[in-house]
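Structure first, then comments.
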Number of protein chains: 6
Amino acid sequence: MLPPLIVLDSIIKNWLQEDIGRRDSTTQGLLLFDSKGKAEWVVKEDGVIAGLPIAARVFQLLDEQIIFTSMVEEGEFCQSGKKIATIEGKKEALLMGERVALNLGMRLSGIATETKKYVDKIADLPTQFVDTRKTTPGLRVLEKYGTQVGGGVNHRLGLDDAVMIKDNHIQAAGGITQAIALIRSNIPYTLSIEVETSNLEEVKEGLENKADIIMLDNMSLEMMTQAVEIIRQQDQRVKIEASGNITLERIRAVAETGVDYISSSAPITRSCWLDLSMRMVE
Amino acid sequence: MLPPLIVLDSIIKNWLQEDIGRRDSTTQGLLLFDSKGKAEWVVKEDGVIAGLPIAARVFQLLDEQIIFTSMVEEGEFCQSGKKIATIEGKKEALLMGERVALNLGMRLSGIATETKKYVDKIADLPTQFVDTRKTTPGLRVLEKYGTQVGGGVNHRLGLDDAVMIKDNHIQAAGGITQAIALIRSNIPYTLSIEVETSNLEEVKEGLENKADIIMLDNMSLEMMTQAVEIIRQQDQRVKIEASGNITLERIRAVAETGVDYISSSAPITRSCWLDLSMRMVE
Amino acid sequence: MLPPLIVLDSIIKNWLQEDIGRRDSTTQGLLLFDSKGKAEWVVKEDGVIAGLPIAARVFQLLDEQIIFTSMVEEGEFCQSGKKIATIEGKKEALLMGERVALNLGMRLSGIATETKKYVDKIADLPTQFVDTRKTTPGLRVLEKYGTQVGGGVNHRLGLDDAVMIKDNHIQAAGGITQAIALIRSNIPYTLSIEVETSNLEEVKEGLENKADIIMLDNMSLEMMTQAVEIIRQQDQRVKIEASGNITLERIRAVAETGVDYISSSAPITRSCWLDLSMRMVE
Amino acid sequence: MLPPLIVLDSIIKNWLQEDIGRRDSTTQGLLLFDSKGKAEWVVKEDGVIAGLPIAARVFQLLDEQIIFTSMVEEGEFCQSGKKIATIEGKKEALLMGERVALNLGMRLSGIATETKKYVDKIADLPTQFVDTRKTTPGLRVLEKYGTQVGGGVNHRLGLDDAVMIKDNHIQAAGGITQAIALIRSNIPYTLSIEVETSNLEEVKEGLENKADIIMLDNMSLEMMTQAVEIIRQQDQRVKIEASGNITLERIRAVAETGVDYISSSAPITRSCWLDLSMRMVE
Amino acid sequence: MLPPLIVLDSIIKNWLQEDIGRRDSTTQGLLLFDSKGKAEWVVKEDGVIAGLPIAARVFQLLDEQIIFTSMVEEGEFCQSGKKIATIEGKKEALLMGERVALNLGMRLSGIATETKKYVDKIADLPTQFVDTRKTTPGLRVLEKYGTQVGGGVNHRLGLDDAVMIKDNHIQAAGGITQAIALIRSNIPYTLSIEVETSNLEEVKEGLENKADIIMLDNMSLEMMTQAVEIIRQQDQRVKIEASGNITLERIRAVAETGVDYISSSAPITRSCWLDLSMRMVE
Amino acid sequence: MLPPLIVLDSIIKNWLQEDIGRRDSTTQGLLLFDSKGKAEWVVKEDGVIAGLPIAARVFQLLDEQIIFTSMVEEGEFCQSGKKIATIEGKKEALLMGERVALNLGMRLSGIATETKKYVDKIADLPTQFVDTRKTTPGLRVLEKYGTQVGGGVNHRLGLDDAVMIKDNHIQAAGGITQAIALIRSNIPYTLSIEVETSNLEEVKEGLENKADIIMLDNMSLEMMTQAVEIIRQQDQRVKIEASGNITLERIRAVAETGVDYISSSAPITRSCWLDLSMRMVE
């Protein structure tokens, strides 16, 4: 889910102004005026495409008459060489917006492509793959959109839409019980409270204090299995999230412990951009 | 080279507001008020550290009394486990700024680490390694700072500080000669003009039209060698840049053709974040 | 809970710029330069004080040397005539910031005062009083802070930190079941889902679809009692919120049906500002 | 008089971004795409309607194709149950903009409704009812527009469009004479100077120093009558404003003293929002 | 009168960001870090100095430790070669802020110098010299501050702090009487209404409709004399402004007609910058 | 070359908001609603017209239906009395935008007119006339556009698009050699490096260190001639710029020394605005 345009447009304008600075000396120097042209986007390596609606908006903010035609669905896996979009409109807008639009599309497609690898490993299980708050500064909602396009589910978007009590918070409050009590009395009652646990004692303490989500952090498969059992005996609604040391090799085993969610930053912090290019066509 | 604070601060504020949104329900819910604390940053895998001055500023914008002490130099190669910084000040600021500061530091350190691999391959040759305009939207000057920390040199920062005439521009103008003439008559005379060439005819045309920089794009090693020879016979000042298909395996051979610069987006588009973590101490 | 200064300051600056426009012709016309003075704030009618920390910040943004001393606690009930704060610093800052600071303090104290009347009616019951999204545009987090100061609890802060499925959404989706399913598959898993119900069928449908919060909207006391019973038989964790037609007369009876939360916009939409004034002393 | 759109739009965007935050998880979660719908606004209690043009703009900023049709005039007194507007366009925009538009309309209609009560008391007299600078931070020009819709007249909009010399300024300058002289020599000659007086000596001093407006602050009816007489004997152009302790009961007697203007913050600080609601139709 | 810093700072930041762009490659390239230095400002031609407080602020926004010492008063007439200020602090801030600070100081000093020539011509007469709304976009309040420093008085600051009814407005409304009536019923009662007149009929019509200011636009000296007589017979408070074709040669004769104010844009639109320079000292 | 609209629009909006403030009390007070009108722009003294495309945009941002028809080319020399544009659309937009649009047009036309005088003096020589960084804060790119319209060429746009090493930098670094070496190692390789020289020793030092541009600052004609000779013997590509004491009388002699560029701030700092006016027609 992307932000609505009233939120998204100002982000895209910032990007364009970052690249353009005072002006595009090359493109504007050509004095193209209103001459029209057509461009194609082609994917140069196999992967999942994400970000075409944002790319379209980049061009439209430079020339509202631009027609951007996606030739694939968001989330479609494409093979190298496939034409994924055409863009028609003022050549000046095509050339001026090219880099910003491609950079975004390549970054998001890279995330979606990597996410899909994790998601595919557990596709037949009820467990879902989620992202984290390790995202490039300034790109939070967009990189998390990339997670969704790749088949993943989002964790919280920021510090204000869910509570996540980590070891540093627990230590500052003097314990899980105290931390949950304090925070619960100060926040909107509609917010979920998640607590990070590293052993079974902490799991039980989170459970007793009615945390909405219990995160099993860096536990062994055995401990996770026990934790799930302890939690499910008492409560069917508490959500269980596994985190830490999640790899493509290990994710299936973690899912089989019965946790609801497995979170990892890897598709965002350890993925390559998917190579896309734009060429002018006659 | 980082932007001065009068430019940088507003970027950092945007990042903090992106993460915080309306407030940090977890940290502020603990009612820590002015209680002070100390945190350490530790690197969790081997790599080149970059971004500590920016991380320091992230915390200072939340609490101007914060003392951020770097324990390593920018660009220093550190082994996993090394303590790289300590931060002392209000616990609330430490916890609220942690994620933004770490995300930035991890991203830039990842870029610097990867850049250094390319730079090291040609360290004894006069050729320099440069970046491109393929950068994450919103992070242009910072990612390019990461390049510098890793030992690379920057290419242009945006569309207004140098002219780069690519195939799409050449096609729109009707040829290299026409494109250079048109653009030269419309831009500040202080701007350098670079022209992208893909064969020796184009190299000669760029040379005749007094381009300041000639880019050899996706040429074979043989053609690059010839191009360098043609250019150097006529002009000692024209700068020669090689681009396209630059890998760790191939970069040295490219440098040995005698080009001045080799550009690649790989350290920015195909690198992983370097794992850093923060822990409260005491 | 107020936003941190990095979020709050830009809001306060907007307020000051709204009032000052190009300059304060009266105060600046007096050429007071750095002459110092002292002012007092006095409450002119009985009520609960809220907003002093924000008032302090208003003055500090005009003169960082200003000393604002609160003489009462946030949330303290004061009788008319009580001195609640002193402010010392540049006279120019005192006079220029007076109106903005007072306007905010009067508005928030009015909300806190009215909220407390509702809260007091049910103080000995487990039910909590919550606000709504009916807030003055631009003042959302601050008016909700006023609710907290008056003893109430916040409902969601905006459209992104919890899901609230209302009749219009249900109608658009073709039913509660469809609406919950669609939304759940598109949002962060950490978000709570609240569904608005107006009869027992809808209550059951919400329950079956595992809504986190069920709102009983405009129901009779009898129907609410039944709804609570139905829900509690099945699930101890679902939160129950009553809404609609909540008055000081009726709130206690509603609470006695066993609902967890009672929401009303009245303290925000139907309260008067609490009269505060500032006078220069000495 | 509303600000032109070039001023108003950025205010409205701030409001929408305040409510939406990162996105509207409920509405956008329904994946309504371009599906169209129709909504009606109905007034739920008797009162004066104000703010429909601003409500229209709220929706248009979310979907420029929206058609907002006012069914009543701004300032029209409507009885509970009356349909006051219809809105047709994308369902997503209707649902996403609903709360911001209604909140503004309810607030302004509440102000207009209360203002009209004061205005009606003196409708057959030459005296006019004016507002003050006690307005909700961020809503100055809009709340003052509400005053106008209710039949009142605006006092100054901010600190830069008129001079108002209050007791604190007089004290700082060492007297009315000194204050007026100093300020007059430093401001645009086009600005009016108003001086606050609390006794007849001050009235005379203001008159001698050629204040453009003399405010009679918190005077008895007798003193006001005398003040008006003193002023009118000397000068027909000086404007006389009464202020302080203006109630619905007392306003007519104050007007009958012959003052030109009576100012009160009550319609803005002591009014309830007028209840409006929106329902989807068909 | 300058705007307070809360208004001024954001304007100055825009100027610095305009000049610096992404960074100051020359100064920052020198890696000066915290090395301190001292600079002097010298005036290179005779003139009135204006803008030193703003110049000081330019440097302080780059380095809050900077000490800017003015060696002359604002408005002092200085002869070529005079040292007017010293600045001590980080060399980087001195070099980076130099151009913006000088540009502003040169522009304002040029305005003040030219204004003083007009003011001196009528210094012994009661008539005052005022500016207009012909100011460089973005510099309104600062250029008008230059007028004040040169001894002139400001006309309105913008379209919202006074009403000026010009021929185009009169034509649109169908006459002076209609225009004044319409506007008066829609604006704050505290605003002055000025009407532009070009013959004695219009003067009388303005007078009858109780305009606060009557502008005699492009009239002959004879007609102005008659207009002043007509106005003064009826009303001592109406302010009379002469405008159009005001030159250094003619201004005294215009003042002798008895008008209160003479307005001209010449010191702002037809003046040269006063040459100032900065040099580093040991 | 103007910035693209995505950069330019926010500058123009700032200007309009500066002039309008909260609203245009005069124009809006007339309640013109959607009534349409037509206006003409006429030039009132002989000169070169510049800025019509920006004026058009000023009006379009107030009313997107406005039709602005230029009747002359940018850069055309017009005689007093010539009609240069017509504008058709809402009267309210015409009257509200008039002053901002005219102020900009008058300023830029004044610059273009003065620039052309310098350019004409050397039109038959290969030397080009360039501007400097002495521009009105906030108007950099627009005033430099005025230079281009007048036939001149732009020097760098800001501190980030070229390096200019001045005496202060040289002094701080300890010499030209050191300054160039330091800066070159820290900047994008695409940036040109210009060094300011005041004698032949410095010229030689700049040449040896491969500066891209050598500025001859305040040299005698004899020294300039020698400097050109020294440089051209060694290097055909280095660009030579003369600066300092450039007058209409002296510019041709300077050009005849063989320098490539002559820079002067005079057309920007020592020119008058060209008088333009707008009148409603019909």
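Identifiers in the structure tokens: chain A, B, ... in order shown; residue index from 1 per chain; ligand index from 1 in order shown.
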Using only C-alpha atoms and a cut-off of 9 Å, which residues of chain A sit close to chain D? Please list them as a ChimeraX atom specification. /A:1-8,141,157
For the selection you just gave me, I'd like the residues written to a file as a PDB file, in the first residue's frame, keeping N, CA, C and O atoms.
```pdb
ATOM      1  N   MET A   1       0.836  -1.202   0.000  1.00  0.00           N
ATOM      2  CA  MET A   1       0.000   0.000   0.000  1.00  0.00           C
ATOM      3  C   MET A   1       0.877   1.261   0.000  1.00  0.00           C
ATOM      4  O   MET A   1       1.684   1.466   0.882  1.00  0.00           O
ATOM      5  N   LEU A   2       0.690   2.072  -1.039  1.00  0.00           N
ATOM      6  CA  LEU A   2       1.447   3.316  -1.144  1.00  0.00           C
ATOM      7  C   LEU A   2       0.716   4.432  -0.399  1.00  0.00           C
ATOM      8  O   LEU A   2      -0.489   4.356  -0.196  1.00  0.00           O
ATOM      9  N   PRO A   3       1.418   5.468  -0.003  1.00  0.00           N
ATOM     10  CA  PRO A   3       0.711   6.625   0.549  1.00  0.00           C
ATOM     11  C   PRO A   3      -0.141   7.252  -0.550  1.00  0.00           C
ATOM     12  O   PRO A   3       0.171   7.098  -1.737  1.00  0.00           O
ATOM     13  N   PRO A   4      -1.191   7.983  -0.180  1.00  0.00           N
ATOM     14  CA  PRO A   4      -1.943   8.720  -1.209  1.00  0.00           C
ATOM     15  C   PRO A   4      -1.058   9.833  -1.782  1.00  0.00           C
ATOM     16  O   PRO A   4      -0.070  10.236  -1.165  1.00  0.00           O
ATOM     17  N   LEU A   5      -1.451  10.342  -2.951  1.00  0.00           N
ATOM     18  CA  LEU A   5      -0.608  11.335  -3.637  1.00  0.00           C
ATOM     19  C   LEU A   5      -0.347  12.570  -2.791  1.00  0.00           C
ATOM     20  O   LEU A   5       0.700  13.195  -2.898  1.00  0.00           O
ATOM     21  N   ILE A   6      -1.299  12.927  -1.945  1.00  0.00           N
ATOM     22  CA  ILE A   6      -1.097  14.145  -1.157  1.00  0.00           C
ATOM     23  C   ILE A   6       0.092  13.994  -0.190  1.00  0.00           C
ATOM     24  O   ILE A   6       0.693  14.974   0.242  1.00  0.00           O
ATOM     25  N   VAL A   7       0.444  12.751   0.103  1.00  0.00           N
ATOM     26  CA  VAL A   7       1.633  12.495   0.921  1.00  0.00           C
ATOM     27  C   VAL A   7       2.846  12.212   0.015  1.00  0.00           C
ATOM     28  O   VAL A   7       3.950  12.700   0.233  1.00  0.00           O
ATOM     29  N   LEU A   8       2.605  11.423  -1.041  1.00  0.00           N
ATOM     30  CA  LEU A   8       3.697  10.942  -1.883  1.00  0.00           C
ATOM     31  C   LEU A   8       4.329  12.045  -2.730  1.00  0.00           C
ATOM     32  O   LEU A   8       5.554  12.074  -2.932  1.00  0.00           O
ATOM     33  N   VAL A 141       8.259   4.181   3.801  1.00  0.00           N
ATOM     34  CA  VAL A 141       7.004   3.617   3.288  1.00  0.00           C
ATOM     35  C   VAL A 141       7.173   2.985   1.917  1.00  0.00           C
ATOM     36  O   VAL A 141       6.429   2.062   1.562  1.00  0.00           O
ATOM     37  N   LEU A 157       5.248   0.867  10.819  1.00  0.00           N
ATOM     38  CA  LEU A 157       5.805   1.832   9.883  1.00  0.00           C
ATOM     39  C   LEU A 157       6.733   2.830  10.572  1.00  0.00           C
ATOM     40  O   LEU A 157       7.595   3.413   9.925  1.00  0.00           O
TER      41      LEU A 157
END
```
If we count only C-alpha atoms, what is near Gly37 (chain A) at a cut-off of 7 Å, once residues fewer than 2 positions away on the same chain are taken out, given as a list in words?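 Once the adjacent positions are removed, what remains is Ser35, Ala39, Glu88, Gly89, Lys90 and Lys91 of chain A.
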Output as a list in words all residues of region 5-164 of chain F that backbone DSSP marks as strand (DSSP E). Lys36, Gly37, Lys38, Ala39, Glu40, Trp41, Val42, Val43, Gly47, Val48, Ile67, Phe68, Thr69, Ser70, Phe77, Cys78, Lys83, Ile84, Ala85, Thr86, Ile87, Glu88, Gly89, Lys90, Gln128, Phe129, Val130, Val163 and Met164 of chain F
Can you work out the spacing between CA of Val43 (chain F) and CA of Glu249 (chain F) in Å, to one decimal?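 Between these atoms lies a distance of 27.8 Å.
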Between A:Phe68, A:Tyr189, A:Trp273, A:Phe129, which is the closest to Ser109 (chain A) once you count only C-alpha atoms?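 Closest to Ser109 (chain A) of all the choices is A:Trp273.
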List the spatial neighbours of Gly244 (chain A) as a ChimeraX atom specification - criterion: any atom at most 9 Å away, only C-alpha atoms, same-chain residues fewer than 6 positions off excluded. /A:216-219,262-264
Skip Lys134 (chain B) itself and residues of its chain fewer than 2 positions away, then list as number ranges by chain all residues within 8 Å of it, counting only C-alpha atoms. A: 99, 103; B: 132, 136, 265, 268-269
Write to file, as an mmCIF file, in the first residue's frame, the residues of the selection just made, with N, CA and C atoms.
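Writing done, so here's part_35.cif:
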```cif
data_model
loop_
_atom_site.group_PDB
_atom_site.id
_atom_site.type_symbol
_atom_site.label_atom_id
_atom_site.label_comp_id
_atom_site.auth_asym_id
_atom_site.auth_seq_id
_atom_site.Cartn_x
_atom_site.Cartn_y
_atom_site.Cartn_z
ATOM 1 N N ARG A 99 16.483 9.313 -14.452
ATOM 2 C CA ARG A 99 17.355 8.741 -13.426
ATOM 3 C C ARG A 99 16.614 8.530 -12.088
ATOM 4 N N ASN A 103 16.098 4.887 -10.612
ATOM 5 C CA ASN A 103 16.733 4.575 -9.326
ATOM 6 C C ASN A 103 15.718 3.992 -8.351
ATOM 7 N N THR B 132 28.509 7.093 -9.781
ATOM 8 C CA THR B 132 27.595 7.546 -10.837
ATOM 9 C C THR B 132 26.408 8.261 -10.174
ATOM 10 N N THR B 136 20.391 6.208 -4.166
ATOM 11 C CA THR B 136 19.052 6.146 -3.595
ATOM 12 C C THR B 136 18.438 7.545 -3.554
ATOM 13 N N SER B 265 28.487 1.940 -10.733
ATOM 14 C CA SER B 265 27.473 2.139 -9.691
ATOM 15 C C SER B 265 27.459 0.996 -8.696
ATOM 16 N N ILE B 268 27.286 1.180 -4.860
ATOM 17 C CA ILE B 268 26.063 1.782 -4.327
ATOM 18 C C ILE B 268 24.853 0.910 -4.615
ATOM 19 N N THR B 269 24.791 0.287 -5.785
ATOM 20 C CA THR B 269 23.594 -0.482 -6.129
ATOM 21 C C THR B 269 23.716 -1.977 -5.834
#
```
I'd like the neighbourhood of Glu196 (chain E) as a PyMOL selection string, where a residue qualifies if any of its atoms comes within 7 Å (using only C-alpha atoms), though same-chain residues fewer than 5 positions away should be ignored. chain E and resi 165-167+214-217
Within 10 Å of Glu202 (chain B), counting only C-alpha atoms, which residues qualify if same-chain residues fewer than 5 places away don't, as a ChimeraX atom specification? /B:175-177,195-197,207-208,214,216,227
I need the residues from that last selection saved to file as a PDB file, in the first residue's frame (with N, CA, C and O atoms), if you can.
```pdb
ATOM      1  N   GLY B 175      23.082  14.447 -33.381  1.00  0.00           N
ATOM      2  CA  GLY B 175      24.510  14.177 -33.495  1.00  0.00           C
ATOM      3  C   GLY B 175      25.300  14.813 -32.369  1.00  0.00           C
ATOM      4  O   GLY B 175      24.832  15.734 -31.706  1.00  0.00           O
ATOM      5  N   ILE B 176      26.511  14.304 -32.152  1.00  0.00           N
ATOM      6  CA  ILE B 176      27.369  14.807 -31.090  1.00  0.00           C
ATOM      7  C   ILE B 176      27.730  16.270 -31.330  1.00  0.00           C
ATOM      8  O   ILE B 176      27.666  17.107 -30.438  1.00  0.00           O
ATOM      9  N   THR B 177      28.094  16.594 -32.550  1.00  0.00           N
ATOM     10  CA  THR B 177      28.507  17.960 -32.873  1.00  0.00           C
ATOM     11  C   THR B 177      27.409  18.956 -32.547  1.00  0.00           C
ATOM     12  O   THR B 177      27.637  19.964 -31.881  1.00  0.00           O
ATOM     13  N   VAL B 195      31.015  13.690 -22.910  1.00  0.00           N
ATOM     14  CA  VAL B 195      30.210  13.050 -23.938  1.00  0.00           C
ATOM     15  C   VAL B 195      30.454  11.546 -23.903  1.00  0.00           C
ATOM     16  O   VAL B 195      31.579  11.077 -23.713  1.00  0.00           O
ATOM     17  N   GLU B 196      29.358  10.817 -24.017  1.00  0.00           N
ATOM     18  CA  GLU B 196      29.393   9.361 -23.974  1.00  0.00           C
ATOM     19  C   GLU B 196      29.671   8.851 -25.390  1.00  0.00           C
ATOM     20  O   GLU B 196      28.985   9.251 -26.331  1.00  0.00           O
ATOM     21  N   THR B 197      30.653   7.978 -25.536  1.00  0.00           N
ATOM     22  CA  THR B 197      30.962   7.452 -26.871  1.00  0.00           C
ATOM     23  C   THR B 197      30.992   5.936 -26.827  1.00  0.00           C
ATOM     24  O   THR B 197      31.349   5.340 -25.813  1.00  0.00           O
ATOM     25  N   LEU B 207      36.226  14.679 -29.456  1.00  0.00           N
ATOM     26  CA  LEU B 207      37.525  15.348 -29.363  1.00  0.00           C
ATOM     27  C   LEU B 207      37.547  16.630 -30.209  1.00  0.00           C
ATOM     28  O   LEU B 207      38.010  17.684 -29.756  1.00  0.00           O
ATOM     29  N   GLU B 208      36.995  16.527 -31.409  1.00  0.00           N
ATOM     30  CA  GLU B 208      36.972  17.694 -32.297  1.00  0.00           C
ATOM     31  C   GLU B 208      36.114  18.822 -31.732  1.00  0.00           C
ATOM     32  O   GLU B 208      36.386  19.998 -31.969  1.00  0.00           O
ATOM     33  N   ILE B 214      35.723  12.591 -22.122  1.00  0.00           N
ATOM     34  CA  ILE B 214      35.173  11.611 -23.064  1.00  0.00           C
ATOM     35  C   ILE B 214      34.979  10.298 -22.332  1.00  0.00           C
ATOM     36  O   ILE B 214      35.912   9.757 -21.725  1.00  0.00           O
ATOM     37  N   LEU B 216      34.192   6.412 -22.441  1.00  0.00           N
ATOM     38  CA  LEU B 216      34.228   5.233 -23.304  1.00  0.00           C
ATOM     39  C   LEU B 216      33.241   4.250 -22.702  1.00  0.00           C
ATOM     40  O   LEU B 216      33.492   3.651 -21.664  1.00  0.00           O
ATOM     41  N   ALA B 227      41.242   4.078 -28.220  1.00  0.00           N
ATOM     42  CA  ALA B 227      40.624   5.378 -27.952  1.00  0.00           C
ATOM     43  C   ALA B 227      41.569   6.253 -27.133  1.00  0.00           C
ATOM     44  O   ALA B 227      41.744   7.444 -27.418  1.00  0.00           O
TER      45      ALA B 227
END
```
Report, in Å with one decimal, the straight-line distance from CA of Thr190 (chain B) to CA of Gly158 (chain F).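 For CA of Thr190 (chain B) relative to CA of Gly158 (chain F), the distance reads 11.0 Å.
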Tell me which protein, DNA and RNA residues are within 12 Å of Ser80 (chain C), counting only C-alpha atoms, leaving out same-chain ones fewer than 6 positions away, and put them as a list in words.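 Near Ser80 (chain C), the qualifying residues are Trp41, Val42, Val43, Lys44, Glu45, Asp46, Gly47, Val48, Ile49, Leu274, Asp275, Leu276 and Ser277 of chain C.
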